[in-house]
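For reference, input.txt is printed below; it contains compact mmCIF, C-alpha atoms.
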# COMPACT_ATOMS: atom_id res chain seq x y z
CA MET A 30 2.19 92.54 98.73
CA GLN A 31 1.95 90.58 101.96
CA CYS A 32 4.73 90.29 104.56
CA LEU A 33 5.13 86.69 105.85
CA ALA A 34 6.71 85.66 109.14
CA CYS A 35 9.82 83.49 109.06
CA SER A 36 9.73 80.04 110.66
CA PRO A 37 10.58 80.17 114.41
CA SER A 38 14.25 79.13 113.99
CA CYS A 39 14.97 81.64 111.17
CA LEU A 40 16.38 85.04 112.03
CA GLU A 41 16.04 86.15 108.39
CA CYS A 42 14.30 84.30 105.57
CA TYR A 43 13.60 84.47 101.85
CA ASP A 44 10.03 83.28 102.36
CA GLY A 45 8.21 81.66 105.27
CA SER A 46 10.38 78.49 105.26
CA ALA A 47 13.66 79.23 103.40
CA CYS A 48 16.05 80.62 106.01
CA LYS A 49 18.76 83.18 105.24
CA SER A 50 20.21 83.11 108.80
CA CYS A 51 19.39 81.46 112.13
CA TYR A 52 19.11 82.65 115.73
CA LEU A 53 22.44 82.06 117.45
CA ASN A 54 20.96 81.30 120.87
CA SER A 55 18.27 78.96 119.59
CA THR A 56 18.29 75.15 119.53
CA ARG A 57 18.88 75.38 115.75
CA PRO A 58 21.68 77.93 115.21
CA TYR A 59 23.34 76.21 112.18
CA LEU A 60 22.32 77.29 108.66
CA GLN A 61 22.76 74.45 106.16
CA GLY A 62 21.32 75.20 102.77
CA LEU A 63 18.11 77.03 103.58
CA GLN A 64 17.36 75.27 106.90
CA CYS A 65 18.29 75.97 110.51
CA LEU A 66 19.59 72.81 112.18
CA SER A 67 20.74 71.80 115.67
CA THR A 68 24.13 70.73 114.21
CA CYS A 69 25.76 70.40 110.81
CA THR A 70 25.18 67.03 109.16
CA ASP A 71 27.88 64.61 107.95
CA GLY A 72 29.91 66.07 105.11
CA TYR A 73 29.66 69.65 106.45
CA TYR A 74 31.71 71.82 108.82
CA THR A 75 30.82 74.88 110.88
CA ILE A 76 31.93 78.48 110.39
CA ASN A 77 30.76 81.58 112.21
CA SER A 78 28.88 83.70 109.69
CA SER A 79 27.99 87.31 110.14
CA SER A 80 24.55 88.69 109.55
CA SER A 81 23.14 92.16 109.22
CA PHE A 82 21.74 91.56 112.72
CA SER A 83 23.93 91.46 115.84
CA ASN A 84 22.58 87.98 116.71
CA SER A 85 24.54 86.17 113.94
CA SER A 86 24.39 82.42 113.25
CA TYR A 87 26.69 79.61 112.18
CA SER A 88 26.84 78.32 108.64
CA CYS A 89 27.41 74.73 107.54
CA LEU A 90 29.72 74.50 104.55
CA GLU A 91 30.37 71.36 102.54
CA CYS A 92 33.53 69.31 103.10
CA GLY A 93 35.49 68.04 100.08
CA GLN A 94 34.48 65.08 97.93
CA HIS A 95 34.18 61.74 99.82
CA CYS A 96 34.81 63.60 103.11
CA LEU A 97 32.50 62.57 105.95
CA THR A 98 33.89 64.89 108.67
CA CYS A 99 36.30 67.78 108.27
CA ILE A 100 37.84 70.82 109.92
CA ASN A 101 37.43 72.92 106.77
CA SER A 102 37.05 72.39 103.01
CA SER A 103 40.72 71.39 102.59
CA HIS A 104 41.30 69.23 105.73
CA CYS A 105 39.29 66.04 106.07
CA LEU A 106 39.23 63.91 109.25
CA GLN A 107 37.21 60.91 107.99
CA CYS A 108 36.39 59.65 104.49
CA SER A 109 33.44 57.77 103.07
CA GLY A 110 34.22 55.33 100.25
CA ALA A 111 37.80 56.58 100.03
CA PHE A 112 41.11 56.54 101.95
CA LEU A 113 42.39 59.37 104.13
CA LEU A 114 45.96 60.59 103.55
CA LYS A 115 47.25 63.82 105.12
CA GLY A 116 43.77 65.34 105.42
CA VAL A 117 42.66 64.47 101.85
CA CYS A 118 40.35 61.68 100.67
CA SER A 119 41.66 59.58 97.79
CA SER A 120 40.26 56.60 95.87
CA SER A 121 43.55 54.70 96.44
CA CYS A 122 46.76 54.96 98.45
CA PRO A 123 50.10 55.88 96.81
CA SER A 124 52.57 53.04 96.21
CA THR A 125 54.61 53.59 99.41
CA TYR A 126 51.41 53.46 101.51
CA TYR A 127 48.85 50.74 102.21
CA PRO A 128 45.11 51.03 102.96
CA SER A 129 44.38 50.32 106.64
CA LEU A 130 41.16 48.85 108.07
CA ALA A 131 40.32 52.37 109.31
CA ASN A 132 40.23 53.64 105.67
CA THR A 133 43.45 55.61 106.11
CA CYS A 134 46.65 55.36 104.06
CA GLU A 135 49.51 54.21 106.29
CA MET A 136 53.14 54.43 105.23
CA CYS A 137 55.00 51.18 104.56
CA LEU A 138 57.62 50.50 107.19
CA SER A 139 61.22 50.76 106.05
CA PRO A 140 62.83 48.92 104.31
CA CYS A 141 59.58 48.03 102.49
CA LEU A 142 59.08 50.11 99.38
CA VAL A 143 55.65 48.71 98.48
CA CYS A 144 53.55 46.75 100.98
CA TYR A 145 50.03 45.42 101.42
CA ASP A 146 49.87 45.90 105.18
CA GLY A 147 52.14 47.02 108.02
CA ALA A 148 54.12 43.77 108.18
CA ASN A 149 54.18 42.36 104.63
CA CYS A 150 56.26 43.76 101.77
CA LEU A 151 55.76 43.43 98.02
CA SER A 152 59.07 45.13 97.11
CA CYS A 153 62.07 46.52 98.97
CA MET A 154 64.40 49.50 98.96
CA SER A 155 67.37 49.08 96.58
CA SER A 156 69.87 47.65 99.11
CA TYR A 157 67.44 44.96 100.39
CA ASN A 158 66.19 41.64 99.07
CA LEU A 159 62.60 40.43 99.20
CA TYR A 160 62.29 37.05 100.92
CA LEU A 161 58.69 35.84 101.10
CA THR A 162 57.11 39.08 102.44
CA HIS A 163 60.13 40.50 104.29
CA CYS A 164 63.01 42.74 103.24
CA LEU A 165 66.43 41.43 104.26
CA PRO A 166 69.94 42.86 103.74
CA GLN A 167 71.02 39.40 102.45
CA CYS A 168 69.15 36.37 101.18
CA PRO A 169 69.10 33.34 103.50
CA PRO A 170 71.81 30.69 102.77
CA ASP A 171 69.43 28.22 101.12
CA THR A 172 68.21 30.74 98.50
CA TRP A 173 69.44 32.41 95.31
CA THR A 174 69.41 36.18 94.73
CA VAL A 175 67.59 37.36 91.64
CA THR A 176 68.55 40.95 90.81
CA SER A 177 66.32 43.65 89.38
CA PRO A 178 64.24 43.50 91.51
CA ASN A 179 66.21 41.91 94.34
CA ILE A 180 64.30 38.75 95.29
CA CYS A 181 65.37 35.64 97.20
CA ASN A 182 64.27 32.46 95.39
CA SER A 183 64.72 28.78 96.15
CA THR A 184 66.10 28.36 92.61
CA CYS A 185 66.87 30.42 89.51
CA LEU A 186 63.94 30.45 87.15
CA SER A 187 64.30 30.67 83.37
CA PRO A 188 65.77 32.77 81.73
CA TYR A 189 68.25 33.25 84.61
CA PHE A 190 71.54 31.38 85.08
CA LYS A 191 72.93 30.25 88.46
CA LEU A 192 76.22 31.89 89.43
CA SER A 193 77.50 29.51 92.09
CA ASP A 194 80.29 31.71 93.42
CA ASN A 195 77.89 34.23 95.02
CA ARG A 196 74.53 32.39 94.78
CA THR A 197 72.96 34.89 92.41
CA CYS A 198 70.79 34.46 89.35
CA SER A 199 72.01 36.33 86.28
CA PRO A 200 70.16 37.07 83.03
CA SER A 201 73.39 36.22 81.15
CA CYS A 202 76.07 33.59 81.60
CA PRO A 203 79.50 35.24 82.00
CA TYR A 204 81.38 31.89 81.88
CA TYR A 205 80.19 29.02 79.73
CA HIS A 206 76.66 27.97 78.98
CA SER A 207 75.36 25.00 80.95
CA THR A 208 72.13 23.18 80.19
CA SER A 209 71.06 23.09 83.86
CA ARG A 210 69.58 26.33 85.10
Represent the structure of the file as structure tokens.
Amino acid sequence: MQCLACSPSCLECYDGSACKSCYLNSTRPYLQGLQCLSTCTDGYYTINSSSSFSNSSYSCLECGQHCLTCINSSHCLQCSGAFLLKGVCSSSCPSTYYPSLANTCEMCLSPCLVCYDGANCLSCMSSYNLYLTHCLPQCPPDTWTVTSPNICNSTCLSPYFKLSDNRTCSPSCPYYHSTSR
């Protein structure tokens, strides 16, 4: 049996080119897979790994799925093809968040409950009314309030009835039935 020398950057190796550990003080101290590299590549993070030799190397471990850069396997800093929320990459943002241009999930500003960016709401918290893309405590004077969900409309659409006393639209007519809606 013949003893083969490791490649110059390998401290220990399985064969001549498959590294088991790297020289710490070399230009390639990071072990990723079976190679010694000058730095970990995208999608990997660095840990200090011990070796049977005193001159130990660093290991490159894989970040989580869709994670481009990370601190460790459970805390991502930047995602690829996904959105970052609290250190985790996700294919979409939860309903109270919106996807930003930086591929992060940003929380909707109160009183928005659901939004499509930082300034435009799709729905509001229960005590607010949606008018165009804004949440207001009351509908403007020239609009009607449609309840469930609370929306300000220019008129009451079918099947709602106009209640003139408080400018709301109701699914039922508590008084008498009129043909104009």
Residues within 7 Å of region 169-176 of chain A, please, as a PDB file with C-alpha atoms, keeping the file's coordinate frame. Count all atoms listed in the file; anything in the same chain fewer than 4 positions from it doesn't count.
ATOM      1  CA  ILE A 180      64.300  38.750  95.290  1.00  0.00           C
ATOM      2  CA  CYS A 181      65.370  35.640  97.200  1.00  0.00           C
ATOM      3  CA  ASN A 182      64.270  32.460  95.390  1.00  0.00           C
ATOM      4  CA  SER A 183      64.720  28.780  96.150  1.00  0.00           C
ATOM      5  CA  THR A 184      66.100  28.360  92.610  1.00  0.00           C
ATOM      6  CA  CYS A 185      66.870  30.420  89.510  1.00  0.00           C
ATOM      7  CA  ARG A 196      74.530  32.390  94.780  1.00  0.00           C
ATOM      8  CA  THR A 197      72.960  34.890  92.410  1.00  0.00           C
ATOM      9  CA  CYS A 198      70.790  34.460  89.350  1.00  0.00           C
TER      10      CYS A 198
END
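Surrounding residues of (4.4, 87.6, 108.7) at most 12 Å away are A:Met30, A:Gln31, A:Cys32, A:Leu33, A:Ala34, A:Cys35, A:Ser36, A:Pro37, A:Glu41, A:Cys42, A:Tyr43, A:Asp44, A:Gly45, A:Ser46 (based on all atoms listed in the file).
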Please, what distance in Å, to one decimal, runs between CA of Lys115 (chain A) and CA of Gly72 (chain A)?
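Spanning CA of Lys115 (chain A) to CA of Gly72 (chain A) is a straight-line distance of 17.5 Å.
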Can you tell me how far CA of Ser199 (chain A) sits from CA of Pro166 (chain A), in Å to one decimal?
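Going from CA of Ser199 (chain A) over to CA of Pro166 (chain A), I get 18.8 Å.
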One-decimal distance in Å that lies between CA of Thr162 (chain A) and CA of Gly116 (chain A):
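Computing the Euclidean distance for CA of Gly116 (chain A) and CA of Thr162 (chain A) yields 29.6 Å.
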Residue with smallest distance to Arg57 (chain A) - pool A:Thr75, A:Leu97, A:Ser155, A:Ser86, counting only C-alpha atoms:
A:Ser86
Top pick for closest residue to Tyr74 (chain A), considering A:Leu60, A:Cys51, A:Leu151, A:Ile100 and counting only C-alpha atoms:
A:Ile100
Please write as a ChimeraX atom specification the list of polymer residues whose atoms come within 10 Å of (62.0, 41.5, 103.7), counting all atoms listed in the file and keeping to the coordinates of the file.
/A:139-141,148-154,157-168,180-181
Name the residues in contact with Gln94 (chain A) at a cut-off of 10 Å, using only C-alpha atoms, excluding same-chain residues fewer than 6 positions from it; report them as a list in words.
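Listed by chain and then number, they are Gly72, Ser102, Cys105, Cys108, Ser109, Ala111, Val117, Cys118 and Ser119 of chain A.
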Compare A:Asn179, A:Asn101, A:Ser67, A:Thr125 by their minimum atom-to-atom distance to Tyr52 (chain A), counting only C-alpha atoms, and give me the closest one.
A:Ser67
Polymer residues at most 8 Å from Ser124 (chain A), only C-alpha atoms, same-chain spacing of 5 or more positions, as an NGL selection string
:A and (142-144)
My list of candidates is A:Ser55, A:Ser121, A:Ser88, A:Ser156. Which is closest to Ser177 (chain A) when distances are computed with all atoms listed in the file?
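The answer is A:Ser156, which sits nearest to Ser177 (chain A).
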Could you tell me which of A:Cys96, A:Leu90, A:Leu63, A:Leu106 comes closest to Ser120 (chain A) if we count all atoms listed in the file?
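Using all atoms listed in the file, the shortest distance to Ser120 (chain A) belongs to A:Cys96.
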Within 8 Å of Cys65 (chain A) using all atoms listed in the file, minus same-chain residues under 3 positions, as a ChimeraX atom specification:
/A:38-39,48,50-51,57-61
Set up a box along x, y and z of the file covering all listed atoms of region 46-50 of chain A, add 6 Å on every one of the six sides, and write the centre and edge lengths in Å to one decimal, as JSON.
{"center_x": 15.3, "center_y": 80.8, "center_z": 106.1, "size_x": 21.8, "size_y": 16.7, "size_z": 17.4}
